[in-house]
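Chemist: So I've got this file, input.txt, and it contains compact mmCIF, C-alpha atoms and all ligand atoms:
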# COMPACT_ATOMS: atom_id res chain seq x y z
CA GLY X 8 102.33 -29.48 -260.96
CA LEU X 9 101.92 -31.79 -263.93
CA ALA X 10 105.54 -31.40 -265.04
CA SER X 11 106.75 -32.58 -261.61
CA LEU X 12 104.38 -35.55 -261.71
CA TRP X 13 105.71 -36.48 -265.15
CA LEU X 14 109.37 -36.05 -264.15
CA LYS X 15 108.91 -38.09 -260.99
CA ARG X 16 108.02 -41.10 -263.13
CA GLN X 17 110.96 -40.78 -265.55
CA ALA X 18 113.74 -43.10 -264.43
CA ASP X 19 116.41 -42.22 -267.00
CA TRP X 20 118.19 -38.93 -266.25
CA ARG X 21 120.51 -39.38 -269.25
CA VAL X 22 117.86 -38.18 -271.68
CA TYR X 23 117.97 -34.77 -269.93
CA GLU X 24 121.77 -34.43 -269.94
CA ASP X 25 122.21 -32.04 -272.85
CA VAL X 26 119.38 -29.60 -272.11
CA THR X 27 119.40 -26.84 -269.50
CA ALA X 28 116.83 -26.89 -266.71
CA ARG X 29 115.65 -23.48 -267.84
CA ALA X 30 115.05 -24.47 -271.47
CA TRP X 31 113.27 -27.72 -270.53
CA MET X 32 111.13 -26.22 -267.77
CA GLU X 33 110.15 -23.14 -269.77
CA ARG X 34 108.89 -25.45 -272.50
CA ALA X 35 107.07 -27.68 -270.01
CA VAL X 36 105.49 -25.16 -267.63
CA GLY X 37 105.67 -21.91 -269.57
CA LYS X 38 107.83 -18.84 -269.01
CA GLN X 39 105.50 -17.30 -266.44
CA ALA X 40 105.47 -20.33 -264.13
CA PHE X 41 109.22 -20.77 -264.61
CA ASP X 42 109.89 -17.14 -263.67
CA ALA X 43 107.61 -17.37 -260.63
CA PHE X 44 108.88 -20.64 -259.14
CA TRP X 45 111.67 -22.66 -260.76
CA GLY X 46 113.77 -19.68 -261.87
CA PRO X 47 114.09 -18.19 -258.35
CA LEU X 48 114.88 -21.64 -256.87
CA LEU X 49 117.67 -22.22 -259.39
CA ARG X 50 118.98 -18.68 -258.93
CA GLY X 51 118.92 -19.12 -255.14
CA LYS X 52 121.28 -22.07 -255.37
CA PHE X 53 123.37 -21.20 -258.42
CA ALA X 54 123.06 -17.37 -258.78
CA GLU X 55 124.54 -16.24 -262.12
CA HIS X 56 125.09 -19.88 -263.16
CA ALA X 57 121.34 -20.67 -262.88
CA ASP X 58 120.75 -20.67 -266.64
CA GLU X 59 123.58 -23.20 -267.18
CA ILE X 60 122.21 -25.86 -264.81
CA GLY X 61 121.49 -29.16 -266.52
CA MET X 62 117.98 -30.62 -266.56
CA ALA X 63 119.38 -34.01 -265.45
CA TRP X 64 120.17 -32.48 -262.04
CA LEU X 65 116.74 -30.85 -261.64
CA HIS X 66 114.93 -33.93 -262.92
CA TRP X 67 116.63 -36.13 -260.32
CA LYS X 68 116.01 -33.63 -257.54
CA ILE X 69 112.29 -33.55 -258.37
CA ARG X 70 112.17 -37.34 -258.73
CA LEU X 71 113.74 -37.94 -255.32
CA ARG X 72 111.96 -35.11 -253.52
CA PHE X 73 108.46 -35.93 -254.74
CA GLY X 74 109.09 -39.68 -254.76
CA SER X 75 110.02 -39.69 -251.06
CA ARG X 76 106.67 -38.16 -250.16
CA GLU X 77 104.80 -41.17 -251.53
CA GLY X 78 105.05 -43.78 -248.81
CA ARG X 79 104.01 -47.36 -249.34
CA LEU X 80 100.58 -48.41 -248.04
CA GLY X 81 99.58 -44.77 -247.56
CA ALA X 82 102.46 -44.05 -245.14
CA LYS X 83 103.44 -40.37 -245.06
CA GLU X 84 106.93 -38.90 -245.21
CA THR X 85 108.06 -37.72 -241.78
CA LEU X 86 110.92 -35.43 -240.92
CA GLY X 87 113.42 -36.75 -238.40
CA TYR X 88 116.38 -35.26 -236.56
CA PRO X 89 119.17 -37.26 -234.91
CA ARG X 90 119.31 -36.39 -231.21
CA GLY X 91 122.50 -34.38 -230.68
CA SER X 92 122.75 -33.71 -234.45
CA PHE X 93 125.00 -35.52 -236.95
CA ARG X 94 127.82 -34.62 -234.61
CA SER X 95 126.90 -37.66 -232.46
CA TYR X 96 127.20 -39.91 -235.49
CA TYR X 97 130.58 -38.52 -236.54
CA PHE X 98 131.93 -38.64 -232.97
CA ALA X 99 130.91 -42.32 -232.74
CA LEU X 100 132.63 -42.95 -236.08
CA ALA X 101 135.78 -41.22 -234.80
CA ASP X 102 135.76 -43.38 -231.63
CA HIS X 103 135.47 -46.47 -233.79
CA ILE X 104 138.45 -45.38 -235.94
CA ARG X 105 140.58 -44.70 -232.85
CA GLU X 106 139.63 -48.03 -231.26
CA ALA X 107 140.76 -49.74 -234.48
CA GLY X 108 144.18 -48.05 -234.15
CA GLY X 109 143.56 -45.05 -236.43
CA ARG X 110 144.79 -41.56 -235.60
CA ILE X 111 142.75 -38.42 -236.30
CA SER X 112 144.41 -35.00 -236.49
CA LEU X 113 141.92 -32.14 -236.44
CA SER X 114 142.74 -28.54 -237.44
CA THR X 115 145.85 -29.79 -239.22
CA PRO X 116 145.57 -28.72 -242.88
CA VAL X 117 147.49 -30.78 -245.39
CA GLU X 118 150.06 -28.42 -246.92
CA SER X 119 150.94 -30.71 -249.81
CA VAL X 120 150.75 -34.26 -251.09
CA VAL X 121 154.23 -35.64 -251.76
CA THR X 122 154.93 -37.97 -254.68
CA GLU X 123 157.96 -39.71 -256.14
CA LEU X 124 158.26 -41.43 -259.52
CA GLY X 125 154.50 -41.18 -260.13
CA ALA X 126 153.44 -42.62 -256.78
CA VAL X 127 152.39 -41.00 -253.52
CA THR X 128 154.85 -41.20 -250.63
CA GLY X 129 153.03 -39.12 -248.02
CA ILE X 130 151.85 -35.67 -247.05
CA ARG X 131 153.27 -32.53 -245.52
CA ALA X 132 151.29 -31.13 -242.59
CA ASP X 133 152.26 -29.15 -239.51
CA GLY X 134 155.58 -28.42 -241.23
CA ALA X 135 156.57 -32.12 -241.20
CA PHE X 136 156.56 -35.01 -243.68
CA HIS X 137 154.27 -37.95 -242.84
CA GLU X 138 154.82 -41.14 -244.80
CA PHE X 139 151.84 -43.02 -246.30
CA ASP X 140 151.57 -45.55 -249.12
CA GLN X 141 148.01 -44.43 -249.91
CA VAL X 142 146.29 -41.04 -249.59
CA LEU X 143 142.59 -40.24 -250.11
CA MET X 144 141.91 -36.54 -250.69
CA THR X 145 138.38 -35.44 -249.74
CA THR X 146 138.90 -31.75 -250.49
CA PRO X 147 137.00 -29.73 -253.14
CA ASN X 148 138.71 -29.59 -256.56
CA ILE X 149 139.95 -26.04 -256.02
CA ILE X 150 141.86 -27.08 -252.88
CA THR X 151 142.88 -30.48 -254.28
CA LYS X 152 144.73 -28.80 -257.15
CA ARG X 153 146.61 -26.57 -254.75
CA ILE X 154 147.76 -29.25 -252.31
CA ALA X 155 148.58 -31.86 -254.98
CA PRO X 156 150.73 -29.97 -257.51
CA ASP X 157 152.02 -33.18 -259.17
CA LEU X 158 148.60 -34.26 -260.48
CA PRO X 159 148.72 -35.08 -264.22
CA ALA X 160 147.67 -32.15 -266.47
CA SER X 161 144.88 -34.25 -268.02
CA TYR X 162 143.40 -34.86 -264.55
CA VAL X 163 143.68 -31.19 -263.55
CA GLU X 164 141.89 -30.29 -266.77
CA ILE X 165 138.89 -32.34 -265.56
CA LEU X 166 139.06 -30.82 -262.06
CA ASP X 167 138.97 -27.37 -263.69
CA ARG X 168 135.73 -28.15 -265.51
CA VAL X 169 133.75 -27.83 -262.27
CA ARG X 170 133.06 -24.41 -260.82
CA TYR X 171 131.77 -23.86 -257.30
CA GLN X 172 129.38 -21.59 -255.50
CA TRP X 173 130.51 -20.82 -251.94
CA ALA X 174 128.02 -21.56 -249.18
CA SER X 175 127.48 -19.08 -246.36
CA CYS X 176 125.40 -19.56 -243.25
CA LEU X 177 124.66 -17.05 -240.50
CA VAL X 178 123.46 -18.87 -237.37
CA LEU X 179 121.60 -16.85 -234.75
CA ALA X 180 120.70 -17.90 -231.21
CA LEU X 181 117.69 -15.75 -230.32
CA ASP X 182 115.91 -15.24 -227.00
CA ARG X 183 112.53 -15.76 -228.72
CA PRO X 184 111.14 -17.31 -231.91
CA LEU X 185 111.57 -15.42 -235.19
CA SER X 186 108.53 -17.11 -236.76
CA ASP X 187 106.56 -20.34 -236.46
CA VAL X 188 107.91 -21.76 -239.75
CA TYR X 189 110.57 -24.48 -239.75
CA TRP X 190 111.93 -24.13 -243.31
CA LEU X 191 111.28 -21.03 -245.36
CA SER X 192 112.63 -21.16 -248.93
CA ILE X 193 113.00 -17.63 -250.21
CA ALA X 194 112.26 -16.70 -253.81
CA ASP X 195 112.32 -12.93 -253.19
CA ASP X 196 115.42 -10.84 -253.64
CA LEU X 197 116.84 -11.26 -250.12
CA PRO X 198 120.52 -11.88 -249.26
CA PHE X 199 119.73 -15.46 -248.15
CA VAL X 200 117.84 -18.29 -249.87
CA ALA X 201 116.63 -20.16 -246.82
CA CYS X 202 115.61 -19.23 -243.31
CA VAL X 203 115.56 -22.42 -241.25
CA GLU X 204 114.31 -22.06 -237.70
CA HIS X 205 115.64 -25.30 -236.28
CA THR X 206 113.85 -24.90 -232.95
CA ASN X 207 110.51 -25.07 -234.74
CA LEU X 208 111.40 -28.73 -235.38
CA VAL X 209 113.35 -29.57 -232.19
CA GLY X 210 112.31 -27.77 -229.01
CA ALA X 211 114.30 -24.73 -227.80
CA GLU X 212 114.52 -26.36 -224.34
CA ARG X 213 117.16 -28.69 -225.85
CA TYR X 214 119.31 -25.62 -226.60
CA GLY X 215 119.23 -23.79 -223.29
CA GLY X 216 116.10 -21.90 -224.32
CA ASN X 217 117.82 -20.48 -227.43
CA HIS X 218 115.83 -20.23 -230.66
CA LEU X 219 118.17 -21.21 -233.49
CA VAL X 220 117.84 -19.63 -236.91
CA TYR X 221 120.03 -20.46 -239.94
CA LEU X 222 120.18 -17.95 -242.78
CA SER X 223 121.96 -19.65 -245.65
CA ASN X 224 123.02 -18.59 -249.10
CA TYR X 225 125.15 -19.66 -252.08
CA VAL X 226 127.36 -16.96 -253.56
CA ALA X 227 130.11 -16.48 -256.14
CA PRO X 228 133.71 -16.71 -254.81
CA ASP X 229 134.15 -12.91 -255.08
CA HIS X 230 130.94 -11.99 -253.21
CA PRO X 231 131.55 -9.27 -250.56
CA VAL X 232 129.65 -11.20 -247.83
CA LEU X 233 132.52 -13.72 -247.76
CA GLN X 234 134.80 -11.02 -246.32
CA MET X 235 132.39 -10.26 -243.46
CA ASP X 236 132.39 -11.45 -239.87
CA ALA X 237 129.19 -12.46 -238.05
CA GLU X 238 128.53 -8.92 -236.82
CA GLU X 239 128.85 -7.44 -240.32
CA ALA X 240 126.74 -10.20 -241.88
CA LEU X 241 123.97 -9.57 -239.34
CA THR X 242 124.05 -5.87 -240.20
CA ALA X 243 123.81 -6.72 -243.91
CA TYR X 244 120.87 -9.12 -243.27
CA GLU X 245 118.97 -7.13 -240.62
CA ASP X 246 116.41 -5.41 -242.89
CA SER X 247 115.73 -8.69 -244.69
CA ILE X 248 115.19 -10.55 -241.40
CA ARG X 249 112.52 -7.92 -240.64
CA ARG X 250 110.74 -8.95 -243.84
CA ILE X 251 110.15 -12.28 -242.05
CA ASN X 252 109.28 -10.70 -238.70
CA PRO X 253 108.92 -6.89 -238.71
CA ALA X 254 109.40 -6.80 -234.92
CA PHE X 255 112.88 -8.38 -235.09
CA ASP X 256 115.40 -6.48 -233.01
CA ARG X 257 119.15 -7.00 -232.62
CA SER X 258 118.68 -7.22 -228.86
CA TRP X 259 117.02 -10.64 -229.43
CA VAL X 260 120.38 -12.06 -230.57
CA ARG X 261 122.19 -13.89 -227.76
CA GLU X 262 124.94 -15.38 -229.94
CA LYS X 263 125.83 -15.56 -233.61
CA TRP X 264 128.22 -17.45 -235.89
CA PHE X 265 129.05 -17.03 -239.57
CA PHE X 266 130.26 -20.04 -241.59
CA ARG X 267 131.67 -20.12 -245.13
CA ASP X 268 132.52 -23.08 -247.35
CA PRO X 269 134.46 -22.62 -250.63
CA GLY X 270 133.25 -26.00 -251.95
CA GLY X 271 129.63 -25.53 -250.88
CA GLN X 272 127.94 -26.32 -254.18
CA PRO X 273 129.44 -27.63 -257.43
CA VAL X 274 127.76 -26.00 -260.43
CA ILE X 275 126.07 -28.88 -262.26
CA THR X 276 125.94 -27.85 -265.91
CA THR X 277 124.63 -29.74 -268.96
CA ASN X 278 126.54 -32.92 -269.87
CA TYR X 279 128.02 -32.86 -266.39
CA SER X 280 129.00 -36.53 -266.50
CA ALA X 281 132.02 -35.49 -268.61
CA SER X 282 133.21 -33.26 -265.73
CA ILE X 283 133.33 -35.94 -263.04
CA PRO X 284 136.88 -36.76 -261.95
CA SER X 285 137.66 -40.42 -261.37
CA MET X 286 138.67 -41.51 -257.87
CA GLU X 287 142.00 -42.71 -259.23
CA THR X 288 144.06 -39.61 -259.95
CA GLY X 289 146.75 -41.00 -262.23
CA ILE X 290 149.29 -40.94 -259.38
CA GLY X 291 149.86 -44.34 -257.78
CA GLY X 292 148.19 -44.60 -254.35
CA LEU X 293 146.56 -41.14 -254.58
CA TYR X 294 142.75 -41.01 -254.68
CA LEU X 295 140.05 -38.32 -254.69
CA SER X 296 136.52 -38.46 -253.34
CA ASN X 297 134.42 -35.30 -253.13
CA THR X 298 131.00 -33.86 -253.93
CA THR X 299 131.79 -33.27 -257.62
CA GLN X 300 131.42 -37.05 -258.01
CA VAL X 301 127.80 -37.01 -256.80
CA TYR X 302 125.52 -36.98 -259.85
CA PRO X 303 122.69 -36.80 -260.89
CA GLU X 304 121.70 -36.55 -257.21
CA ASP X 305 122.13 -33.27 -255.37
CA ARG X 306 125.11 -33.62 -253.06
CA GLY X 307 124.31 -34.81 -249.55
CA GLN X 308 125.97 -36.72 -246.73
CA ASN X 309 124.35 -40.04 -247.65
CA TYR X 310 125.98 -39.92 -251.11
CA SER X 311 129.33 -38.90 -249.61
CA LEU X 312 129.16 -41.96 -247.35
CA GLN X 313 128.53 -44.15 -250.39
CA LEU X 314 131.52 -42.55 -252.13
CA GLY X 315 133.57 -43.30 -249.02
CA GLU X 316 132.70 -46.99 -249.28
CA GLN X 317 133.59 -47.05 -252.99
CA ALA X 318 136.90 -45.31 -252.30
CA ALA X 319 137.73 -47.77 -249.51
CA GLU X 320 137.08 -50.73 -251.83
CA LEU X 321 139.17 -49.18 -254.59
CA MET X 322 142.05 -48.42 -252.24
CA ASP X 323 141.91 -51.90 -250.74
CA ALA X 324 142.07 -53.42 -254.23
CA GLY X 325 144.94 -51.03 -255.11
CA ALA X 326 146.91 -52.02 -252.01
CA ARG X 327 146.40 -55.72 -252.75
CA ALA X 328 147.55 -55.24 -256.35
CA VAL X 329 150.72 -53.43 -255.19
CA ALA X 330 151.41 -56.11 -252.56
CA GLY X 331 150.80 -58.84 -255.17
CA ALA X 332 153.19 -57.19 -257.66
CA ARG X 333 155.88 -56.90 -254.97
CA GLY X 334 155.37 -60.54 -254.00
CA ALA X 335 155.65 -61.61 -257.64
CA ARG X 336 158.99 -59.86 -257.96
CA ILE X 337 160.49 -61.57 -254.90
C1 LIG X 401 124.60 -25.06 -246.99
C2 LIG X 401 124.68 -26.55 -247.09
C3 LIG X 401 123.63 -27.32 -246.62
C4 LIG X 401 123.68 -28.70 -246.70
N1 LIG X 401 122.64 -29.43 -246.19
C5 LIG X 401 122.72 -30.77 -246.18
C6 LIG X 401 121.69 -31.54 -245.56
O1 LIG X 401 120.71 -31.00 -245.04
N2 LIG X 401 121.81 -32.89 -245.58
C7 LIG X 401 122.89 -33.51 -246.13
O2 LIG X 401 122.97 -34.74 -246.08
N3 LIG X 401 123.87 -32.81 -246.73
C8 LIG X 401 123.82 -31.46 -246.76
N4 LIG X 401 124.82 -30.73 -247.35
C9 LIG X 401 125.87 -31.44 -248.08
C10 LIG X 401 126.94 -32.00 -247.17
O3 LIG X 401 127.44 -30.98 -246.34
C11 LIG X 401 128.05 -32.56 -248.07
O4 LIG X 401 127.50 -33.52 -248.93
C12 LIG X 401 129.15 -33.24 -247.24
O5 LIG X 401 129.64 -32.39 -246.23
C13 LIG X 401 130.29 -33.63 -248.17
O6 LIG X 401 131.25 -34.32 -247.42
P1 LIG X 401 132.77 -34.30 -247.85
O7 LIG X 401 133.51 -35.04 -246.78
O8 LIG X 401 132.91 -34.75 -249.26
O9 LIG X 401 133.19 -32.76 -247.87
P2 LIG X 401 133.26 -31.71 -246.68
O10 LIG X 401 132.29 -32.02 -245.61
O11 LIG X 401 133.23 -30.37 -247.33
O12 LIG X 401 134.71 -31.98 -246.08
C14 LIG X 401 135.89 -31.51 -246.68
C15 LIG X 401 136.82 -31.18 -245.54
O13 LIG X 401 138.12 -30.90 -246.05
C16 LIG X 401 138.69 -29.97 -245.16
N5 LIG X 401 139.88 -29.37 -245.78
C17 LIG X 401 139.96 -28.32 -246.63
N6 LIG X 401 141.24 -28.08 -246.95
C18 LIG X 401 141.99 -29.00 -246.29
C19 LIG X 401 143.39 -29.27 -246.21
N7 LIG X 401 144.29 -28.54 -246.88
N8 LIG X 401 143.79 -30.28 -245.42
C20 LIG X 401 142.90 -31.06 -244.74
N9 LIG X 401 141.57 -30.85 -244.79
C21 LIG X 401 141.13 -29.83 -245.55
C22 LIG X 401 137.56 -28.98 -244.92
O14 LIG X 401 137.81 -28.23 -243.76
C23 LIG X 401 136.39 -29.94 -244.76
O15 LIG X 401 136.19 -30.29 -243.41
C24 LIG X 401 124.80 -29.34 -247.29
C25 LIG X 401 125.86 -28.57 -247.77
C26 LIG X 401 125.81 -27.20 -247.67
C27 LIG X 401 126.98 -26.40 -248.17
The structure given in the file should be rewritten as C-alpha cells.
Ligand SMILES: Cc1cc2nc3c(=O)[nH]c(=O)nc-3n(C[C@H](O)[C@H](O)[C@H](O)COP(=O)(O)OP(=O)(O)OC[C@H]3O[C@@H](n4cnc5c(N)ncnc54)[C@H](O)[C@@H]3O)c2cc1C
Modeler:
Amino acid sequence: GLASLWLKRQADWRVYEDVTARAWMERAVGKQAFDAFWGPLLRGKFAEHADEIGMAWLHWKIRLRFGSREGRLGAKETLGYPRGSFRSYYFALADHIREAGGRISLSTPVESVVTELGAVTGIRADGAFHEFDQVLMTTPNIITKRIAPDLPASYVEILDRVRYQWASCLVLALDRPLSDVYWLSIADDLPFVACVEHTNLVGAERYGGNHLVYLSNYVAPDHPVLQMDAEEALTAYEDSIRRINPAFDRSWVREKWFFRDPGGQPVITTNYSASIPSMETGIGGLYLSNTTQVYPEDRGQNYSLQLGEQAAELMDAGARAVAGARGARI
C-alpha cells in the first residue's frame, strides 16, 4: 500500500541499513498488516532468520519490484520467457568459450585450491593437480572455505559472517494442469513457499504435453526434507498440494525431480555491507565471486553476470600487474 509507494521513491538504501525489516514495517504498516502479509513473505524466504533481515534488502526489493511495473509512456510490464529456457543462453556461452580456446569440465568438483608462498598455483580436481596462475572461485562461502584452506583468517572471518538458507525445489511433470495460476506465493503454513506452474505461462505442448509444477522452499541446513529423495518429498508435500487442488492424485505424476542447493539464499541481516567479502581474497591470483556480494538487490542471474564482468576486469588488471612486475625485474 502506501508504505510500498513511499519506499519505491526512496533511492538511498543506506538509511535502512541498521534497522530490521520487521521493526521498520511494523512501524509503517502496523503489526496486523505485517503479520498478514510481510511477515509470512519474509518467513517463507528466511524461516527462523526472518526477524533478522535488514530493511535495506526489503526496501530495494520493493523499489525494484514496484518500479518495474511502471513503464514509460503508459507501457505495462510484461513477463517473458527465453525459448528453451536459460539453458540455451548458457549453452551458447559455453560454445563461445570453447571456440575461443577455453576448456569446460562439467561434473568435476574442485577438491582444493593449491597455493604457494601466498599465491595460487592451481587446483586439485579428479585426483590430479592442474596448474593455473589465476583462479576465480564462484562457490558459496561454505564451500569456498572448505576447498581453499589457505585463505587468510581475516578473510575467512568475513566469509563466516554470512549464513545461508538451503533452497529445495520439487519439480513435477503432470498429465494435467494442477491449477490455472502461474505463480502462487504461499503465506500459509505449507512445506513450500511457491507453487509455480510453468506451463500456465509457456504452453504444455512445448513439453510433450507435460504440465510442469515447481514447489520451492528455503530451509535451514538441518531440515529433514534435505535428506529426502523425490518420492519422499512428494509424499511429504501431497496433502499440501491438495490444498491447491483437492482432486490432485499421485497418478497424475508422470515424472518428478528434487533439487537442493546449499547456497540457495544468503541471509541478508542488518548492516550487511560489513559482511560482503571482497573479490580479492588476500592470496595472489585467487578471487571470489558469489551471491553474497549481491546487495542491496536480491540475488539473481543478472547481478551474477555483472559480478562476472567485474571479476574479469579485476583479474585482467591483476595479471597485467604481475606481468609488469616480472618485466620490471628482468
Ligand atoms: C530457488 C531459487 C530461485 C531462483 N530464481 C531466480 C530467477 O527466477 N531469476 C534469476 O535471475 N535468478 C534466480 N535465482 C538466483 C540464481 O540462481 C543465482 O543468482 C545464480 O545461480 C548465481 O550464480 P552463481 O554462478 O554465483 O552461483 P551458482 O549458480 O550457485 O553456481 C555455483 C556452482 O558451483 C558449483 N560447485 C559447488 N561446489 C563445487 C566444487 N567443489 N567445485 C566446482 N564447482 C562447485 C555448484 O554445483 C554450482 O553449479 C534463484 C535461486 C534460487 C535458489
Chemist: One number please: atom CA of X:Ala54 to atom CA of X:Ala227, in Å, one decimal.
Modeler: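 Spanning atom CA of X:Ala54 to atom CA of X:Ala227 is a straight-line distance of 7.6 Å.
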Chemist: For atom CA of X:Arg70 and atom CA of X:Leu14, quote the distance in Å rounded to one decimal.
Modeler: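 Interatomic distance here is 6.2 Å.
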Chemist: Within 6 Å of ligand LIG 401 (chain X) (counting only C-alpha atoms and all ligand atoms), which residues show up? I'd like them as a list in words.
Modeler: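 Using only C-alpha atoms and all ligand atoms, I find these residues within 6 Å of ligand LIG 401 (chain X): Pro116, Val117, Glu118, Thr145, Thr146, Ala174, Gly271, Asn297, Thr298, Arg306, Gly307, Gln308, Asn309 and Ser311 of chain X.
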Chemist: Go ahead and find all residues with at least one atom no further than 12 Å from (108.4, -25.8, -269.5) in the file's coordinates, using only C-alpha atoms; report them as a PyMOL selection string.
Modeler: chain X and resi 8-11+13-14+26-42+44-46+62
Chemist: Provide the atom CA of X:Ala126 to atom CA of X:Leu293 distance in Å, to one decimal place.
Modeler: 7.4 Å
Chemist: At a cut-off of 12 Å, using all atoms listed in the file, what residues contact X:Asp195? Leave out same-chain residues fewer than 3 positions from it and give the result as a VMD selection string.
Modeler: chain X and resid 42 to 44 46 to 48 50 to 51 191 to 192 198 to 201 247 250 to 251
Chemist: Would you mind telling me which residue in X:Phe139, X:Trp259, X:Tyr96, X:Tyr162 lies nearest to X:Ser282 when using only C-alpha atoms?
Modeler: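 When distances to X:Ser282 are compared using only C-alpha atoms, the smallest one comes from X:Tyr162.
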Chemist: Restricting the calculation to all atoms listed in the file: of X:Gly91, X:Pro228, X:Pro253, X:Pro159, which residue gets closest to X:Thr288?
Modeler: X:Pro159
Chemist: List the neighbours of X:Gln300 out to 10 Å using all atoms listed in the file; skip same-chain residues closer than 2 positions along the sequence, and give me the result as an NGL selection string.
Modeler: :X and (273 or 279-280 or 282-286 or 295-298 or 302-304 or 306 or 310-311 or 314)
Chemist: Residues within 8 Å of stretch 212-220 of chain X, please, as an MDAnalysis selection string. Count all atoms listed in the file; anything in the same chain fewer than 4 positions from it doesn't count.
Modeler: chainID X and resid 178:185 202:206 261
Chemist: Just want the 10 Å neighbourhood of X:Ala319, counted on all atoms listed in the file, with same-chain residues fewer than 5 positions away dropped. Output as a list of chain:residue names.
Modeler: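 Near X:Ala319, the qualifying residues are X:Leu143, X:Tyr294, X:Gln313, X:Leu314, X:Ala324, X:Gly325.
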Chemist: Determine, counting only C-alpha atoms, which protein, DNA and RNA residues have an atom within 9 Å of an atom of X:Lys52; residues of the same chain fewer than 4 positions away are not included. Present the result as an MDAnalysis selection string.
Modeler: chainID X and resid 47:48 56:57 172 200 224:226 272
Chemist: Taking all atoms listed in the file into account, name the residue in X:Lys68, X:Leu312, X:Met144, X:Tyr88 that is nearest to X:Asn207.
Modeler: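 Going through X:Lys68, X:Leu312, X:Met144, X:Tyr88 one by one, the smallest distance to X:Asn207 is for X:Tyr88.
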Chemist: Between X:Asp58, X:Asp157, X:Asp102, X:Asp305, which has the minimum distance to X:Glu123 (counting all atoms listed in the file)?
Modeler: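 Checking each candidate against X:Glu123, we get X:Asp157 as the closest.
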Chemist: Which is closer to X:Val163 than all the others in X:Asn148, X:Thr299, X:Thr242, X:Ser92, using all atoms listed in the file?
Modeler: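 Selected residue with least distance to X:Val163: X:Asn148.
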